[in-house]
Each structure stands twice: as C-alpha cells, then as structure tokens.
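Heads up: the structure comes next, in structure tokens.
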Amino acid sequence: MKLDAALPPVALKDVPAIAKAAQEMSFAALWTQETQHDPFLPCTLIAEHSATMHFGTAIAVSFARSPANLAYTAWDLAAQSGGRFILGLGTQVKAHIERRFGMAWPESVTGKLREQIQVIRAFWDCWQNGTKLNFRGEYYKATLMSPFFNAGAIEHPNIPIYIAGVNAGLAKLAGELCEGFHAHPFNSPRYMNEVILPAIEEGLQKEGRKRKDITISMTPFVATSPEEEGFARMQIAFYASTPSYKSVMDLHGWGETAEKLSGFAAKGEWAEMPMLITDEMLNEFCLMTTQENLANDLKKRYESIADRLTLYTPFVPGEKDDWWRELAKTFE
C-alpha cells in the first residue's frame, strides 16, 4: 500500500515548496483537486520541482472539458515529467456542471465518461502511433488531426487514467477501462466491500482483466484529536447531504438522515448539519484513532481494500512535519 499526499488549496507560487517537501517526505504521489483552483496548473510546477514522485489530478472535472483539452494537457504533463503524471477524472454532480460550469448534463453519465476516455486515448494513439483519428460516438465525434495540430510521439505515452465515483456504475466503468479508481472520501469499508469492489470486479471480468490491472485509491477521513473529529463530522455532513451520494447512507440504514441533511443544505442551514452526524456514523466514515496508532490502524482498516491512501487532511509543510515523516516511513 502506498501513501500519497493531497495538495492544499494554495496559490501557484506556493506549489514548488510543497512539491519539494512532499518528495522529501517520501510520499508516493501528490494529488491536486478541482475546488478553488484549476487542477492542472499546479501539476506543471510539481513536475518541475520533483524528480521521482508521481502526481496527478484527484480529480479534474471531466464534463467541464472536452476530450481534446484533456488529451493535450495530459500528454504535455507526461512528457514534461518523464511519465509521472496520472490523469484523474471525475464527473461532478448535475447542479455543479449546469450551474457552476454552465455545461450540459448528459443523459448517461457512464456513457459520456466512457466516450471521453475513449476519445482521449484515440488522440494519444494518433499522436504516438500515427493511427488515423476516427472516433464517432453518441456524445463525441473526433475525426480531424492535421500535422500542424499533432502533438507527436513522447517517451512515456502510457498515461494512467483514474476515474472517481460514489456509485456502482462508475466503479464498473473503472474496472472495464481504467488503470485506477479514486474512491470518494465519503465512504466506508463496508460500502467499499459490498458495493464498490464488486462493481469494479464486474467491470474487470467483462473485459477479461484482473484485480492487479487496476489501482484503488482512497482518501479516508482520519481524526486523532477533537479538532479533527469536528472537522470530519462537518465534512461528512456536507457530503451526506448530496442526493446522488445517498446510496452510501442507505446501505447503513441512514437514508432518513441523508434526506434531512439535503433539506438543510437546500436552505443553506450549514451550521445545523454536523449535529445530525452521530458518533456511530462518524466511526463508520472516519478512522478514529491516535497519532501513535494511526499507521497500524490505517493498514488494518484498508489493507484488503486499497492500494493507495491519501489522508483527507492536506499536506502542509511546517505543520506536523515529524508526524508526516514518521507516517510516510511506515508505508515505504
């Protein structure tokens, strides 16, 4: 199991120092997110200011971009970094795609994401091997690649694609097509074992693939102090209020609480929401432990589930450096 780190939401000028510190800590990878900043711009700086550490997006919002945009950006980052870049894609939810990005929400989420991945790889195949670009699907048509726009072959063309998801449909798609799956932070070992992993296995079997052909990446909530416990409770309440994530709560018999949380969120009553997250819920969705036992408890909780772990808490150099260093050493 590998231990990765999450880049905090910082200005670009702060990324080089974090990238250097993350590599010195021996994290296996550093992940960017699409929250307050673009997820790709920091990647150019991570590539420049690290030498061996992998890095990638966890995630970039795929439905906010065309397959061509994604193909060109990933190709350049793979070339710049000597093959250390991982393209992590997520669909986001309907309200954000339509109201934050101003894009259309597809009739089939898995259908459109499937085509995006196929088109991206068609571009890469065209540039690397000279294959004629000729993709024709329900959502995308890509048939034009003149020499002036051809990015050309690179030394490390096999760029891993991870996709993120909460429900079984995208997990199955990952098993069929992808090198990795980013499990959503709003998760539990039970949900992974009963819903996500079986769906991934179904996708793998459909395409004649094996479990070793895909990497499962998880971003668990961890609390080793009252402050961290309060933060986790707040974030879990936020995620549990999302209607499309209700299946996670339903599995545990907490669907009614999810509906109440959605009602609070719709009215913007955020302060009331964490109070609905009981201690039982908190223990299911967050690893409650001590700093001394964290490494062992992480491995015990996720060793049969995940191949990569990234704590939900971002890595900030200068904050708990000794603690991060000791934790990273246990995963080397």
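Quick note on naming: the chains in the structure tokens go A, B, ... in the order shown, residues restart at 1 in each chain, and ligands are numbered from 1 in order of appearance.
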
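DSSP on the backbone gives strand (DSSP E or B) for these parts of range 276-320 of chain A: Cys286, Leu287, Met288, Arg308, Leu309 and Thr310 of chain A.
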
Practice task
Compile the contact shell of range 92-107 of chain A as a list in words: residues with an atom at most 9 Å away, counting only C-alpha atoms, same-chain residues fewer than 6 positions apart removed.
Solution key: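 The contact residues come out as Val61, Ser62, Phe63, Ala64, Tyr139, Gly165, Thr242 and Ser244 of chain A.
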
May I have the selected residues written with all heavy atoms, as a short mmCIF file (atom, residue, chain, number, x, y, z; two decimals), in the first residue's frame?
data_model
loop_
_atom_site.label_atom_id
_atom_site.label_comp_id
_atom_site.auth_asym_id
_atom_site.auth_seq_id
_atom_site.Cartn_x
_atom_site.Cartn_y
_atom_site.Cartn_z
N VAL A 61 -12.52 17.91 -13.26
CA VAL A 61 -13.91 17.70 -13.65
C VAL A 61 -13.97 17.45 -15.16
O VAL A 61 -13.76 18.35 -15.96
CB VAL A 61 -14.78 18.90 -13.26
CG1 VAL A 61 -16.23 18.69 -13.72
CG2 VAL A 61 -14.74 19.11 -11.75
N SER A 62 -14.28 16.23 -15.51
CA SER A 62 -14.21 15.83 -16.91
C SER A 62 -15.30 16.48 -17.76
O SER A 62 -15.06 16.89 -18.89
CB SER A 62 -14.30 14.31 -17.04
OG SER A 62 -15.52 13.84 -16.51
N PHE A 63 -16.52 16.59 -17.22
CA PHE A 63 -17.63 17.12 -18.01
C PHE A 63 -17.54 18.63 -18.21
O PHE A 63 -18.35 19.21 -18.91
CB PHE A 63 -18.96 16.76 -17.36
CG PHE A 63 -19.33 15.30 -17.46
CD1 PHE A 63 -20.43 14.80 -16.80
CD2 PHE A 63 -18.56 14.42 -18.22
CE1 PHE A 63 -20.77 13.45 -16.89
CE2 PHE A 63 -18.89 13.06 -18.32
CZ PHE A 63 -20.00 12.59 -17.64
N ALA A 64 -16.55 19.27 -17.59
CA ALA A 64 -16.32 20.69 -17.82
C ALA A 64 -15.29 20.92 -18.93
O ALA A 64 -14.96 22.07 -19.24
CB ALA A 64 -15.84 21.36 -16.53
N TYR A 139 -21.85 10.98 -27.99
CA TYR A 139 -21.57 12.29 -27.41
C TYR A 139 -20.45 13.03 -28.12
O TYR A 139 -20.40 14.26 -28.09
CB TYR A 139 -21.22 12.14 -25.92
CG TYR A 139 -22.37 11.68 -25.07
CD1 TYR A 139 -22.53 10.33 -24.76
CD2 TYR A 139 -23.30 12.59 -24.60
CE1 TYR A 139 -23.59 9.91 -23.98
CE2 TYR A 139 -24.37 12.18 -23.82
CZ TYR A 139 -24.52 10.83 -23.51
OH TYR A 139 -25.58 10.41 -22.75
N GLY A 165 -15.70 8.02 -8.33
CA GLY A 165 -17.12 7.76 -8.27
C GLY A 165 -17.58 7.39 -6.88
O GLY A 165 -16.78 7.05 -6.01
N THR A 242 -25.62 15.36 -0.20
CA THR A 242 -25.70 15.31 -1.66
C THR A 242 -26.62 14.17 -2.08
O THR A 242 -26.34 13.01 -1.78
CB THR A 242 -24.29 15.10 -2.26
OG1 THR A 242 -23.41 16.12 -1.79
CG2 THR A 242 -24.35 15.15 -3.79
N SER A 244 -27.14 12.50 -4.79
CA SER A 244 -26.57 11.40 -5.57
C SER A 244 -25.62 10.52 -4.76
O SER A 244 -25.19 9.47 -5.23
CB SER A 244 -25.84 11.94 -6.81
OG SER A 244 -24.82 12.85 -6.45
#

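Proximity ranking of A:Phe264, A:Trp124, A:Ala6, A:Met288 relative to Glu227 in chain A places A:Met288 first, based on only C-alpha atoms.
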
Handout entry: Which residue of A:Leu144, A:Leu294, A:Met275, A:Ile305 approaches Glu194 in chain A most closely, using only C-alpha atoms
Key = A:Ile305

Exercise for the section: Go ahead and compute the interatomic distance for CA of Ile86 in chain A and CA of Asn150 in chain A, in Å to one decimal. Expected result: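 The value is 21.4 Å.
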
Exercise for the section: as a count of residues only, please: all residues of range 35-262 of chain A that backbone DSSP puts in helix (DSSP H, G or I). Expected result: 119

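The environment of Pro39 in chain A within 8 Å, counting only C-alpha atoms and disregarding residues fewer than 5 places along the same chain, consists of A:Thr32, A:Gln33, A:Glu34, A:Thr57, A:Ile59, A:Ala60.
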
Write the residues you've just listed into a file as a PDB file, in the first residue's frame, and include all heavy atoms for each of them.
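Ended up saving to selection_30.pdb:
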ATOM      1  N   THR A  32      -3.597  16.851  -6.873  1.00  0.00           N
ATOM      2  CA  THR A  32      -4.279  18.145  -6.894  1.00  0.00           C
ATOM      3  C   THR A  32      -5.787  17.910  -6.971  1.00  0.00           C
ATOM      4  O   THR A  32      -6.240  16.834  -7.337  1.00  0.00           O
ATOM      5  CB  THR A  32      -3.841  18.995  -8.100  1.00  0.00           C
ATOM      6  OG1 THR A  32      -4.316  18.368  -9.308  1.00  0.00           O
ATOM      7  CG2 THR A  32      -2.323  19.106  -8.164  1.00  0.00           C
ATOM      8  N   GLN A  33      -6.549  18.946  -6.627  1.00  0.00           N
ATOM      9  CA  GLN A  33      -8.007  18.836  -6.686  1.00  0.00           C
ATOM     10  C   GLN A  33      -8.582  20.013  -7.459  1.00  0.00           C
ATOM     11  O   GLN A  33      -7.930  21.038  -7.619  1.00  0.00           O
ATOM     12  CB  GLN A  33      -8.611  18.829  -5.279  1.00  0.00           C
ATOM     13  CG  GLN A  33      -8.055  17.793  -4.342  1.00  0.00           C
ATOM     14  CD  GLN A  33      -7.261  18.401  -3.212  1.00  0.00           C
ATOM     15  OE1 GLN A  33      -7.650  19.421  -2.672  1.00  0.00           O
ATOM     16  NE2 GLN A  33      -6.158  17.772  -2.858  1.00  0.00           N
ATOM     17  N   GLU A  34      -9.825  19.846  -7.908  1.00  0.00           N
ATOM     18  CA  GLU A  34     -10.526  20.956  -8.550  1.00  0.00           C
ATOM     19  C   GLU A  34     -11.589  21.475  -7.591  1.00  0.00           C
ATOM     20  O   GLU A  34     -12.748  21.049  -7.607  1.00  0.00           O
ATOM     21  CB  GLU A  34     -11.160  20.521  -9.872  1.00  0.00           C
ATOM     22  CG  GLU A  34     -11.808  21.689 -10.595  1.00  0.00           C
ATOM     23  CD  GLU A  34     -11.785  21.547 -12.109  1.00  0.00           C
ATOM     24  OE1 GLU A  34     -11.693  20.410 -12.602  1.00  0.00           O
ATOM     25  OE2 GLU A  34     -11.850  22.574 -12.802  1.00  0.00           O
ATOM     26  N   THR A  57      -4.233  14.442 -10.905  1.00  0.00           N
ATOM     27  CA  THR A  57      -5.452  15.148 -10.529  1.00  0.00           C
ATOM     28  C   THR A  57      -6.399  14.195  -9.815  1.00  0.00           C
ATOM     29  O   THR A  57      -6.671  13.107 -10.282  1.00  0.00           O
ATOM     30  CB  THR A  57      -6.150  15.719 -11.775  1.00  0.00           C
ATOM     31  OG1 THR A  57      -6.297  14.694 -12.757  1.00  0.00           O
ATOM     32  CG2 THR A  57      -5.320  16.844 -12.369  1.00  0.00           C
ATOM     33  N   ILE A  59      -9.753  15.299  -8.186  1.00  0.00           N
ATOM     34  CA  ILE A  59      -9.834  14.991  -9.610  1.00  0.00           C
ATOM     35  C   ILE A  59      -9.929  16.292 -10.422  1.00  0.00           C
ATOM     36  O   ILE A  59     -10.095  17.367  -9.855  1.00  0.00           O
ATOM     37  CB  ILE A  59     -11.093  14.120  -9.948  1.00  0.00           C
ATOM     38  CG1 ILE A  59     -12.392  14.688  -9.359  1.00  0.00           C
ATOM     39  CG2 ILE A  59     -10.939  12.746  -9.343  1.00  0.00           C
ATOM     40  CD1 ILE A  59     -13.068  15.821  -9.990  1.00  0.00           C
ATOM     41  N   ALA A  60      -9.857  16.140 -11.765  1.00  0.00           N
ATOM     42  CA  ALA A  60     -10.268  17.197 -12.674  1.00  0.00           C
ATOM     43  C   ALA A  60     -11.682  16.885 -13.144  1.00  0.00           C
ATOM     44  O   ALA A  60     -12.013  15.727 -13.391  1.00  0.00           O
ATOM     45  CB  ALA A  60      -9.322  17.265 -13.875  1.00  0.00           C
TER      46      ALA A  60
END

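Taking CA of Lys260 in chain A and CA of Met273 in chain A as endpoints, the distance between them is 8.6 Å.
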
Problem - Closest of A:Gly175, A:Gly253, A:Pro274, A:Pro42 to Gly203 in chain A - atom-to-atom distances counting only C-alpha atoms - result: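 Checking each of A:Gly175, A:Gly253, A:Pro274, A:Pro42 against Gly203 in chain A, counting only C-alpha atoms, the winner is A:Gly175.
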
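One finds CA of Phe123 in chain A at 7.4 Å from CA of Ala68 in chain A.
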
Exercise for the section: Find the residues near Pro226 in chain A: any atom within 12 Å, counting only C-alpha atoms, skip ones fewer than 4 places away on the same chain, and give them as a VMD selection string. Expected result: chain A and resid 222 230 to 233 288 to 290

Preceding selection exported with N, CA and C atoms as a PDB file, in the first residue's frame:
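File produced: again.pdb:
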ATOM      1  N   VAL A 222      -9.627  10.969   8.808  1.00  0.00           N
ATOM      2  CA  VAL A 222      -8.905  10.488   9.980  1.00  0.00           C
ATOM      3  C   VAL A 222      -9.030  11.542  11.079  1.00  0.00           C
ATOM      4  N   GLY A 230     -14.197  17.196  14.875  1.00  0.00           N
ATOM      5  CA  GLY A 230     -15.197  18.184  14.498  1.00  0.00           C
ATOM      6  C   GLY A 230     -15.172  18.489  13.012  1.00  0.00           C
ATOM      7  N   PHE A 231     -13.977  18.593  12.454  1.00  0.00           N
ATOM      8  CA  PHE A 231     -13.845  18.848  11.018  1.00  0.00           C
ATOM      9  C   PHE A 231     -14.427  17.693  10.214  1.00  0.00           C
ATOM     10  N   ALA A 232     -14.107  16.464  10.609  1.00  0.00           N
ATOM     11  CA  ALA A 232     -14.616  15.297   9.889  1.00  0.00           C
ATOM     12  C   ALA A 232     -16.135  15.235   9.955  1.00  0.00           C
ATOM     13  N   ARG A 233     -16.690  15.522  11.110  1.00  0.00           N
ATOM     14  CA  ARG A 233     -18.145  15.491  11.264  1.00  0.00           C
ATOM     15  C   ARG A 233     -18.803  16.503  10.315  1.00  0.00           C
ATOM     16  N   MET A 288     -11.188   6.819  13.702  1.00  0.00           N
ATOM     17  CA  MET A 288     -10.952   7.478  14.979  1.00  0.00           C
ATOM     18  C   MET A 288      -9.808   6.739  15.678  1.00  0.00           C
ATOM     19  N   THR A 289      -8.695   7.428  15.870  1.00  0.00           N
ATOM     20  CA  THR A 289      -7.524   6.752  16.423  1.00  0.00           C
ATOM     21  C   THR A 289      -6.630   7.772  17.119  1.00  0.00           C
ATOM     22  N   THR A 290      -5.403   7.359  17.422  1.00  0.00           N
ATOM     23  CA  THR A 290      -4.409   8.265  17.994  1.00  0.00           C
ATOM     24  C   THR A 290      -3.274   8.422  17.000  1.00  0.00           C
TER      25      THR A 290
END

Practice task
Using only C-alpha atoms, pick whichever of A:Gly82, A:Pro220, A:Gly111, A:Gly268 has the shortest atom-to-atom distance to His184 in chain A.
Solution key: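 Once distances to His184 in chain A are computed over only C-alpha atoms, the minimum belongs to A:Pro220.
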
Handout entry: Shortest interatomic distance to Val109 in chain A - which of A:Leu311, A:Leu327, A:Gln128, A:Leu170, counting only C-alpha atoms
Key =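 Going through A:Leu311, A:Leu327, A:Gln128, A:Leu170 one by one, the smallest distance to Val109 in chain A is for A:Leu170.
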
Exercise for the section: Measuring atom to atom with only C-alpha atoms, identify which of A:Ala174, A:His182, A:Lys112, A:Thr219 is nearest to Glu201 in chain A. Expected result: A:Ala174

Exercise for the section: Can you pull out every residue within 9 Å of Thr257 in chain A, counting only C-alpha atoms, but drop anything in the same chain fewer than 4 positions away, and send it as an MDAnalysis selection string? Expected result: chainID A and resid 240:241 249 261:262 276:277

Would you mind listing, for every residue of range 27-74 of chain A within 10 Å of range 154-161 of chain A, the two atoms forming the shortest contact and the distance between them in Å to one decimal, using only C-alpha atoms, sorted by chain and ascending residue number, as CSV?
residue,atom,partner,partner_atom,distance
A:Gly56,CA,A:Pro160,CA,9.6
A:Thr57,CA,A:Ile161,CA,9.8
A:Ala71,CA,A:Ile159,CA,10.0
A:Ala74,CA,A:Ile159,CA,7.7
